[in-house]
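The next block holds one structure in the form of structure tokens; read it before the comments.
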Amino acid sequence: MIELKTPAEIDRMHVAGRFVAEVLTEVGRLADVGVNLMDLEHHVRGMIKRRGAESCYWDYAPSFGKGPFRNVICLSVNDAVLHGLPHDYTLRDGDVLTADIAVGIDGWVADSARTIVVGTAAEEDLRLIRATEEALEAAIEAARPGNRLGDISAAIYAVASGYGYPVNTEFGGHGIGRTMHEDLHVPNKGRAGRGLKLQPGLTLALEPWFARTTDRIVYDPDGWTIRSADGSRTAHSEHTVAITEDGPLVLTRRESKGA
């Protein structure tokens, strides 16, 4: 069932969104050569506790995971792209790190992800990250009243195709609001003009993610971490977006440049 949110409810989601943006900004600041993923995990746990927020990941046990998930943030490195289980790993120069987090505040949820390079960045990694960021902005631009869900998917795929990256459709965006995953799957590939007509009050987590040379995925033995099947590097960008009468409103926008 699709629930359209009122302007007041969107404002409450925006509160959660601002905090999610703050967390991802802090993770980007702290992630450096020599930093352990578990240090980042515990730092974020502290931020969530101090804010009085609730992790959407802790004890999460969907059908696709080997649950329950017992961390508050997904941290995926290099060829890992989704649902990365934080573990005892020390970041190295040139690592590609994706951080993905969803939290609830006063009953309303926001979800966002970003990919960064730790230390020295290779141009091909920056290009891959840039492609996901541009695809996300194209998706946001398409999230307007009167458009169709397929317009969002097609916008993402057009950017991926322009960069020459394949697109996986098993995992994509989703509805969001009172819970992390609500009705509507938003694939990262689709046909313009098709699908549900977009209306004000619809809230979506839009999340293009690409691997450099494959659209196939594999799971780690931990049952959660998803990697590119061929070991190529990956990137993932995500924002929670509300469709309003005036167009798309990004609820998880970070204040820094390139947010």
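In the structure tokens, the first chain shown is A, the next is B, and so on; residue numbers restart at 1 for each chain, and ligands run from 1 in the order shown.
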Select from range 174-257 of chain A every residue with an atom at most 12 Å from any atom of range 135-147 of chain A, then for each give the shortest pair of atoms and their distance in Å to one decimal, using only C-alpha atoms, rows by chain and rising number, as CSV.
residue,atom,partner,partner_atom,distance
A:Val186,CA,A:Ala139,CA,10.2
A:Pro187,CA,A:Ala139,CA,11.0
A:Asn188,CA,A:Ala135,CA,9.2
A:Lys189,CA,A:Ala139,CA,10.9
A:Gly190,CA,A:Ala139,CA,11.6
A:Arg191,CA,A:Asn147,CA,11.9
A:Ala192,CA,A:Asn147,CA,8.8
A:Gly193,CA,A:Asn147,CA,7.2
A:Arg194,CA,A:Asn147,CA,9.0
A:Gly195,CA,A:Asn147,CA,9.3
A:Leu196,CA,A:Asn147,CA,8.5
A:Lys197,CA,A:Asn147,CA,5.9
A:Leu198,CA,A:Pro145,CA,5.0
A:Gln199,CA,A:Pro145,CA,4.8
A:Pro200,CA,A:Pro145,CA,6.0
A:Gly201,CA,A:Pro145,CA,9.4
A:Leu202,CA,A:Pro145,CA,9.2
A:Thr203,CA,A:Ala143,CA,9.7
A:Leu204,CA,A:Ala143,CA,9.0
A:Ala205,CA,A:Ile140,CA,9.9
A:Leu206,CA,A:Leu136,CA,6.9
A:Glu207,CA,A:Leu136,CA,6.6
A:Pro208,CA,A:Leu136,CA,6.1
A:Trp209,CA,A:Ala135,CA,8.9
A:Phe210,CA,A:Ala135,CA,10.1
A:Ala235,CA,A:Ala135,CA,11.5
A:His236,CA,A:Leu136,CA,9.3
A:Ser237,CA,A:Leu136,CA,6.6
A:Glu238,CA,A:Leu136,CA,6.8
A:His239,CA,A:Leu136,CA,7.7
A:Thr240,CA,A:Ile140,CA,9.4
A:Val241,CA,A:Ile140,CA,7.2
A:Ala242,CA,A:Ala143,CA,8.3
A:Ile243,CA,A:Arg144,CA,6.0
A:Thr244,CA,A:Pro145,CA,7.2
A:Glu245,CA,A:Pro145,CA,6.8
A:Asp246,CA,A:Arg144,CA,8.2
A:Gly247,CA,A:Arg144,CA,5.0
A:Pro248,CA,A:Ala143,CA,5.8
A:Leu249,CA,A:Ile140,CA,8.3
A:Val250,CA,A:Ile140,CA,7.9
A:Leu251,CA,A:Ile140,CA,11.2
A:Arg253,CA,A:Glu137,CA,11.1
### Task
Pull the strand (DSSP E) assignments for range 32-99 of chain A out of DSSP run on the backbone, and list those residues as a VMD selection string.
chain A and resid 54 to 55 74 to 77 80 to 82 96 to 99
Write the residues you've just listed into a file as a PDB file, in the first residue's frame, and include all heavy atoms for each of them.
ATOM      1  N   GLU A  54      16.778   6.181  16.203  1.00  0.00           N
ATOM      2  CA  GLU A  54      16.665   4.727  16.193  1.00  0.00           C
ATOM      3  C   GLU A  54      17.245   4.185  14.891  1.00  0.00           C
ATOM      4  O   GLU A  54      16.868   4.622  13.805  1.00  0.00           O
ATOM      5  CB  GLU A  54      15.203   4.304  16.337  1.00  0.00           C
ATOM      6  CG  GLU A  54      15.004   2.800  16.370  1.00  0.00           C
ATOM      7  CD  GLU A  54      13.550   2.412  16.553  1.00  0.00           C
ATOM      8  OE1 GLU A  54      12.706   3.311  16.770  1.00  0.00           O
ATOM      9  OE2 GLU A  54      13.254   1.212  16.453  1.00  0.00           O
ATOM     10  N   SER A  55      18.166   3.235  15.005  1.00  0.00           N
ATOM     11  CA  SER A  55      18.736   2.613  13.818  1.00  0.00           C
ATOM     12  C   SER A  55      17.702   1.732  13.130  1.00  0.00           C
ATOM     13  O   SER A  55      17.014   0.935  13.773  1.00  0.00           O
ATOM     14  CB  SER A  55      19.951   1.763  14.190  1.00  0.00           C
ATOM     15  OG  SER A  55      20.357   0.964  13.098  1.00  0.00           O
ATOM     16  N   CYS A  74      25.929   0.417   7.091  1.00  0.00           N
ATOM     17  CA  CYS A  74      26.550  -0.479   6.127  1.00  0.00           C
ATOM     18  C   CYS A  74      27.827   0.184   5.620  1.00  0.00           C
ATOM     19  O   CYS A  74      27.801   1.346   5.191  1.00  0.00           O
ATOM     20  CB  CYS A  74      25.611  -0.745   4.951  1.00  0.00           C
ATOM     21  SG  CYS A  74      24.142  -1.695   5.382  1.00  0.00           S
ATOM     22  N   LEU A  75      28.927  -0.546   5.675  1.00  0.00           N
ATOM     23  CA  LEU A  75      30.219  -0.052   5.206  1.00  0.00           C
ATOM     24  C   LEU A  75      30.772  -1.062   4.205  1.00  0.00           C
ATOM     25  O   LEU A  75      31.104  -2.192   4.573  1.00  0.00           O
ATOM     26  CB  LEU A  75      31.180   0.133   6.379  1.00  0.00           C
ATOM     27  CG  LEU A  75      30.760   1.186   7.421  1.00  0.00           C
ATOM     28  CD1 LEU A  75      31.674   1.129   8.636  1.00  0.00           C
ATOM     29  CD2 LEU A  75      30.770   2.594   6.810  1.00  0.00           C
ATOM     30  N   SER A  76      30.833  -0.659   2.944  1.00  0.00           N
ATOM     31  CA  SER A  76      31.201  -1.560   1.851  1.00  0.00           C
ATOM     32  C   SER A  76      32.480  -1.037   1.199  1.00  0.00           C
ATOM     33  O   SER A  76      32.558   0.142   0.859  1.00  0.00           O
ATOM     34  CB  SER A  76      30.076  -1.628   0.826  1.00  0.00           C
ATOM     35  OG  SER A  76      28.833  -1.965   1.440  1.00  0.00           O
ATOM     36  N   VAL A  77      33.458  -1.919   0.993  1.00  0.00           N
ATOM     37  CA  VAL A  77      34.771  -1.502   0.511  1.00  0.00           C
ATOM     38  C   VAL A  77      35.091  -2.122  -0.849  1.00  0.00           C
ATOM     39  O   VAL A  77      34.932  -3.331  -1.052  1.00  0.00           O
ATOM     40  CB  VAL A  77      35.872  -1.893   1.523  1.00  0.00           C
ATOM     41  CG1 VAL A  77      37.246  -1.447   1.026  1.00  0.00           C
ATOM     42  CG2 VAL A  77      35.583  -1.271   2.893  1.00  0.00           C
ATOM     43  N   ALA A  80      32.755  -4.409  -2.878  1.00  0.00           N
ATOM     44  CA  ALA A  80      31.501  -4.495  -2.132  1.00  0.00           C
ATOM     45  C   ALA A  80      30.716  -3.207  -2.346  1.00  0.00           C
ATOM     46  O   ALA A  80      31.289  -2.118  -2.379  1.00  0.00           O
ATOM     47  CB  ALA A  80      31.776  -4.696  -0.639  1.00  0.00           C
ATOM     48  N   VAL A  81      29.392  -3.331  -2.496  1.00  0.00           N
ATOM     49  CA  VAL A  81      28.604  -2.144  -2.846  1.00  0.00           C
ATOM     50  C   VAL A  81      27.362  -1.965  -1.986  1.00  0.00           C
ATOM     51  O   VAL A  81      26.947  -0.836  -1.729  1.00  0.00           O
ATOM     52  CB  VAL A  81      28.218  -2.168  -4.337  1.00  0.00           C
ATOM     53  CG1 VAL A  81      27.308  -3.346  -4.663  1.00  0.00           C
ATOM     54  CG2 VAL A  81      27.591  -0.849  -4.769  1.00  0.00           C
ATOM     55  N   LEU A  82      26.757  -3.059  -1.530  1.00  0.00           N
ATOM     56  CA  LEU A  82      25.516  -2.968  -0.762  1.00  0.00           C
ATOM     57  C   LEU A  82      25.603  -3.835   0.487  1.00  0.00           C
ATOM     58  O   LEU A  82      26.208  -4.920   0.466  1.00  0.00           O
ATOM     59  CB  LEU A  82      24.317  -3.433  -1.591  1.00  0.00           C
ATOM     60  CG  LEU A  82      23.972  -2.641  -2.848  1.00  0.00           C
ATOM     61  CD1 LEU A  82      22.887  -3.367  -3.638  1.00  0.00           C
ATOM     62  CD2 LEU A  82      23.526  -1.231  -2.519  1.00  0.00           C
ATOM     63  N   VAL A  96      37.961   2.304  -1.909  1.00  0.00           N
ATOM     64  CA  VAL A  96      36.670   2.936  -2.186  1.00  0.00           C
ATOM     65  C   VAL A  96      35.706   2.490  -1.086  1.00  0.00           C
ATOM     66  O   VAL A  96      35.500   1.288  -0.885  1.00  0.00           O
ATOM     67  CB  VAL A  96      36.135   2.525  -3.569  1.00  0.00           C
ATOM     68  CG1 VAL A  96      34.726   3.073  -3.784  1.00  0.00           C
ATOM     69  CG2 VAL A  96      37.066   3.037  -4.663  1.00  0.00           C
ATOM     70  N   LEU A  97      35.139   3.435  -0.371  1.00  0.00           N
ATOM     71  CA  LEU A  97      34.272   3.132   0.770  1.00  0.00           C
ATOM     72  C   LEU A  97      32.873   3.694   0.543  1.00  0.00           C
ATOM     73  O   LEU A  97      32.707   4.890   0.294  1.00  0.00           O
ATOM     74  CB  LEU A  97      34.855   3.742   2.050  1.00  0.00           C
ATOM     75  CG  LEU A  97      33.970   3.639   3.305  1.00  0.00           C
ATOM     76  CD1 LEU A  97      33.823   2.193   3.746  1.00  0.00           C
ATOM     77  CD2 LEU A  97      34.543   4.497   4.436  1.00  0.00           C
ATOM     78  N   THR A  98      31.885   2.822   0.640  1.00  0.00           N
ATOM     79  CA  THR A  98      30.491   3.249   0.595  1.00  0.00           C
ATOM     80  C   THR A  98      29.885   3.143   1.986  1.00  0.00           C
ATOM     81  O   THR A  98      29.965   2.095   2.632  1.00  0.00           O
ATOM     82  CB  THR A  98      29.674   2.383  -0.376  1.00  0.00           C
ATOM     83  OG1 THR A  98      30.148   2.593  -1.703  1.00  0.00           O
ATOM     84  CG2 THR A  98      28.190   2.756  -0.318  1.00  0.00           C
ATOM     85  N   ALA A  99      29.279   4.226   2.447  1.00  0.00           N
ATOM     86  CA  ALA A  99      28.573   4.254   3.731  1.00  0.00           C
ATOM     87  C   ALA A  99      27.094   4.476   3.457  1.00  0.00           C
ATOM     88  O   ALA A  99      26.722   5.386   2.710  1.00  0.00           O
ATOM     89  CB  ALA A  99      29.125   5.373   4.612  1.00  0.00           C
TER      90      ALA A  99
END
### Query
Among range 44-184 of chain A, which residues carry a DSSP assignment of helix (DSSP H, G or I), reported as a PyMOL selection string?
chain A and resi 44-51+123-142+149-163
### Task
Using only C-alpha atoms, determine which residues lie at most 8 Å from Asp95 in chain A, disregarding the query and same-chain residues fewer than 3 positions distant; provide the list as an MDAnalysis selection string.
chainID A and resid 77:78 91:92 117:119
### Task
Determine the nearest neighbour of Arg12 in chain A from the options A:Gly34, A:Gly172, A:Gly84, A:Gly177, counting only C-alpha atoms.
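Under the stated criterion, the closest residue is A:Gly177.
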### Task
Show which residues sit within 7 Å of Asn36 in chain A, as a VMD selection string. Count only C-alpha atoms, and ignore same-chain residues fewer than 2 positions away.
chain A and resid 34 38 to 40 88 to 91
Write a file of the selected residues as a CSV table (one decimal), in the first residue's frame, keeping N, CA, C and O atoms.
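Saved to result.csv:
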chain,number,residue,atom,x,y,z
A,34,GLY,N,44.2,3.8,7.7
A,34,GLY,CA,44.5,3.3,9.0
A,34,GLY,C,43.3,3.3,10.0
A,34,GLY,O,43.5,2.8,11.1
A,38,MET,N,35.3,-0.9,12.2
A,38,MET,CA,34.5,-1.0,13.5
A,38,MET,C,34.6,0.3,14.3
A,38,MET,O,33.7,0.6,15.1
A,39,ASP,N,35.7,1.1,14.1
A,39,ASP,CA,35.8,2.4,14.8
A,39,ASP,C,34.7,3.3,14.2
A,39,ASP,O,34.1,4.1,15.0
A,40,LEU,N,34.5,3.2,12.9
A,40,LEU,CA,33.4,4.0,12.3
A,40,LEU,C,32.0,3.6,12.8
A,40,LEU,O,31.2,4.4,13.1
A,88,ASP,N,36.3,-6.2,11.2
A,88,ASP,CA,37.7,-5.8,11.5
A,88,ASP,C,38.5,-5.7,10.3
A,88,ASP,O,39.2,-6.6,9.8
A,89,TYR,N,38.4,-4.5,9.7
A,89,TYR,CA,39.2,-4.2,8.4
A,89,TYR,C,39.7,-2.8,8.6
A,89,TYR,O,39.0,-1.8,8.9
A,90,THR,N,41.0,-2.6,8.3
A,90,THR,CA,41.7,-1.3,8.4
A,90,THR,C,41.8,-0.7,7.0
A,90,THR,O,42.3,-1.3,6.1
A,91,LEU,N,41.2,0.5,6.8
A,91,LEU,CA,41.2,1.1,5.5
A,91,LEU,C,42.6,1.4,5.0
A,91,LEU,O,43.5,1.8,5.7
### Task
Point out the residue among A:Lys66, A:His185, A:Arg51, A:Arg29 with the least atom-to-atom distance to Gly104 in chain A, counting only C-alpha atoms.
A:Arg51
### Message
What's around Thr225 in chain A at 6 Å? Count only C-alpha atoms, leave out sequence neighbours fewer than 3 positions away in its own chain, and write the answer as a VMD selection string.
### Response
chain A and resid 83 to 85 219 to 220
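Take CA of Thr25 in chain A and CA of Trp58 in chain A: the distance between them is 20.8 Å.
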#### Entry: Interatomic distance (Å, one decimal) between CA of Thr214 in chain A and CA of Ala158 in chain A
16.5 Å
### Message
Would you pick out the contacts of Gly17 in chain A at 7 Å or less, using only C-alpha atoms, so that residues sharing its chain but fewer than 2 positions from it are not included, and give the list as a list in words?
### Response
Met13, His14, Val15, Phe19, Val20, Ala21, Ala110, Leu251 and Thr252 of chain A
Written file, previous selection with C-alpha atoms, as a JSON list (two decimals), in the first residue's frame:
[["chain", "number", "residue", "atom", "x", "y", "z"],
["A", 13, "MET", "CA", 11.05, 13.06, 7.67],
["A", 14, "HIS", "CA", 13.28, 16.03, 6.90],
["A", 15, "VAL", "CA", 14.38, 16.09, 10.55],
["A", 19, "PHE", "CA", 20.60, 13.87, 10.87],
["A", 20, "VAL", "CA", 21.40, 11.16, 8.30],
["A", 21, "ALA", "CA", 23.24, 13.80, 6.25],
["A", 110, "ALA", "CA", 15.35, 8.78, 6.14],
["A", 251, "LEU", "CA", 15.50, 15.34, 2.58],
["A", 252, "THR", "CA", 19.05, 14.02, 3.09]]
### Spatial neighbours of Glu41 in chain A, max dist 8 Å, only C-alpha atoms, sep filter under 2 positions, as a PyMOL selection string
chain A and resi 37-39+43-45+71-73+86
Serialized selection, all heavy atoms, as a compact mmCIF listing (two decimals), in the first residue's frame:
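Resulting contents of part26.txt:
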# COMPACT_ATOMS: atom_id res chain seq x y z
N LEU A 37 37.05 -0.18 10.20
CA LEU A 37 35.61 -0.05 9.96
C LEU A 37 34.81 -0.10 11.25
O LEU A 37 33.80 0.59 11.39
CB LEU A 37 35.12 -1.16 9.02
CG LEU A 37 35.66 -1.17 7.59
CD1 LEU A 37 34.99 -2.29 6.79
CD2 LEU A 37 35.44 0.18 6.90
N MET A 38 35.25 -0.90 12.21
CA MET A 38 34.51 -1.00 13.47
C MET A 38 34.61 0.29 14.28
O MET A 38 33.71 0.60 15.06
CB MET A 38 35.01 -2.19 14.29
CG MET A 38 34.65 -3.53 13.69
SD MET A 38 32.87 -3.71 13.31
CE MET A 38 32.12 -3.52 14.93
N ASP A 39 35.69 1.05 14.10
CA ASP A 39 35.77 2.36 14.75
C ASP A 39 34.68 3.29 14.20
O ASP A 39 34.06 4.06 14.96
CB ASP A 39 37.14 2.99 14.54
CG ASP A 39 38.25 2.25 15.28
OD1 ASP A 39 37.94 1.58 16.29
OD2 ASP A 39 39.42 2.33 14.85
N HIS A 43 31.50 4.82 16.30
CA HIS A 43 31.30 6.27 16.33
C HIS A 43 29.87 6.62 15.93
O HIS A 43 29.22 7.47 16.56
CB HIS A 43 32.29 6.95 15.38
CG HIS A 43 32.26 8.45 15.48
ND1 HIS A 43 32.95 9.14 16.45
CD2 HIS A 43 31.61 9.38 14.74
CE1 HIS A 43 32.72 10.44 16.30
NE2 HIS A 43 31.91 10.61 15.27
N VAL A 44 29.36 5.96 14.90
CA VAL A 44 27.99 6.23 14.45
C VAL A 44 26.98 5.76 15.50
O VAL A 44 25.97 6.43 15.74
CB VAL A 44 27.73 5.55 13.09
CG1 VAL A 44 26.26 5.71 12.69
CG2 VAL A 44 28.63 6.17 12.02
N ARG A 45 27.26 4.66 16.15
CA ARG A 45 26.38 4.22 17.24
C ARG A 45 26.25 5.32 18.29
O ARG A 45 25.15 5.60 18.80
CB ARG A 45 26.92 2.95 17.90
CG ARG A 45 26.80 1.69 17.08
CD ARG A 45 27.20 0.48 17.92
NE ARG A 45 27.43 -0.69 17.09
CZ ARG A 45 27.74 -1.89 17.56
NH1 ARG A 45 27.85 -2.07 18.88
NH2 ARG A 45 27.94 -2.91 16.74
N ASN A 71 24.40 -4.17 13.25
CA ASN A 71 25.19 -2.95 13.11
C ASN A 71 24.25 -1.82 12.75
O ASN A 71 23.08 -2.05 12.41
CB ASN A 71 26.27 -3.12 12.04
CG ASN A 71 27.34 -4.12 12.44
OD1 ASN A 71 28.27 -3.80 13.14
ND2 ASN A 71 27.18 -5.36 12.00
N VAL A 72 24.74 -0.57 12.82
CA VAL A 72 23.88 0.57 12.57
C VAL A 72 24.19 1.26 11.25
O VAL A 72 23.49 2.20 10.86
CB VAL A 72 23.96 1.60 13.72
CG1 VAL A 72 23.51 0.96 15.04
CG2 VAL A 72 25.37 2.17 13.85
N ILE A 73 25.24 0.81 10.57
CA ILE A 73 25.61 1.40 9.28
C ILE A 73 26.17 0.31 8.39
O ILE A 73 26.77 -0.65 8.87
CB ILE A 73 26.64 2.55 9.47
CG1 ILE A 73 26.84 3.32 8.16
CG2 ILE A 73 27.95 2.03 10.05
CD1 ILE A 73 27.62 4.63 8.34
N PRO A 86 29.98 -4.18 8.70
CA PRO A 86 31.20 -3.67 9.32
C PRO A 86 31.94 -4.81 10.03
O PRO A 86 31.33 -5.64 10.70
CB PRO A 86 30.68 -2.64 10.33
CG PRO A 86 29.38 -2.17 9.74
CD PRO A 86 28.79 -3.40 9.11
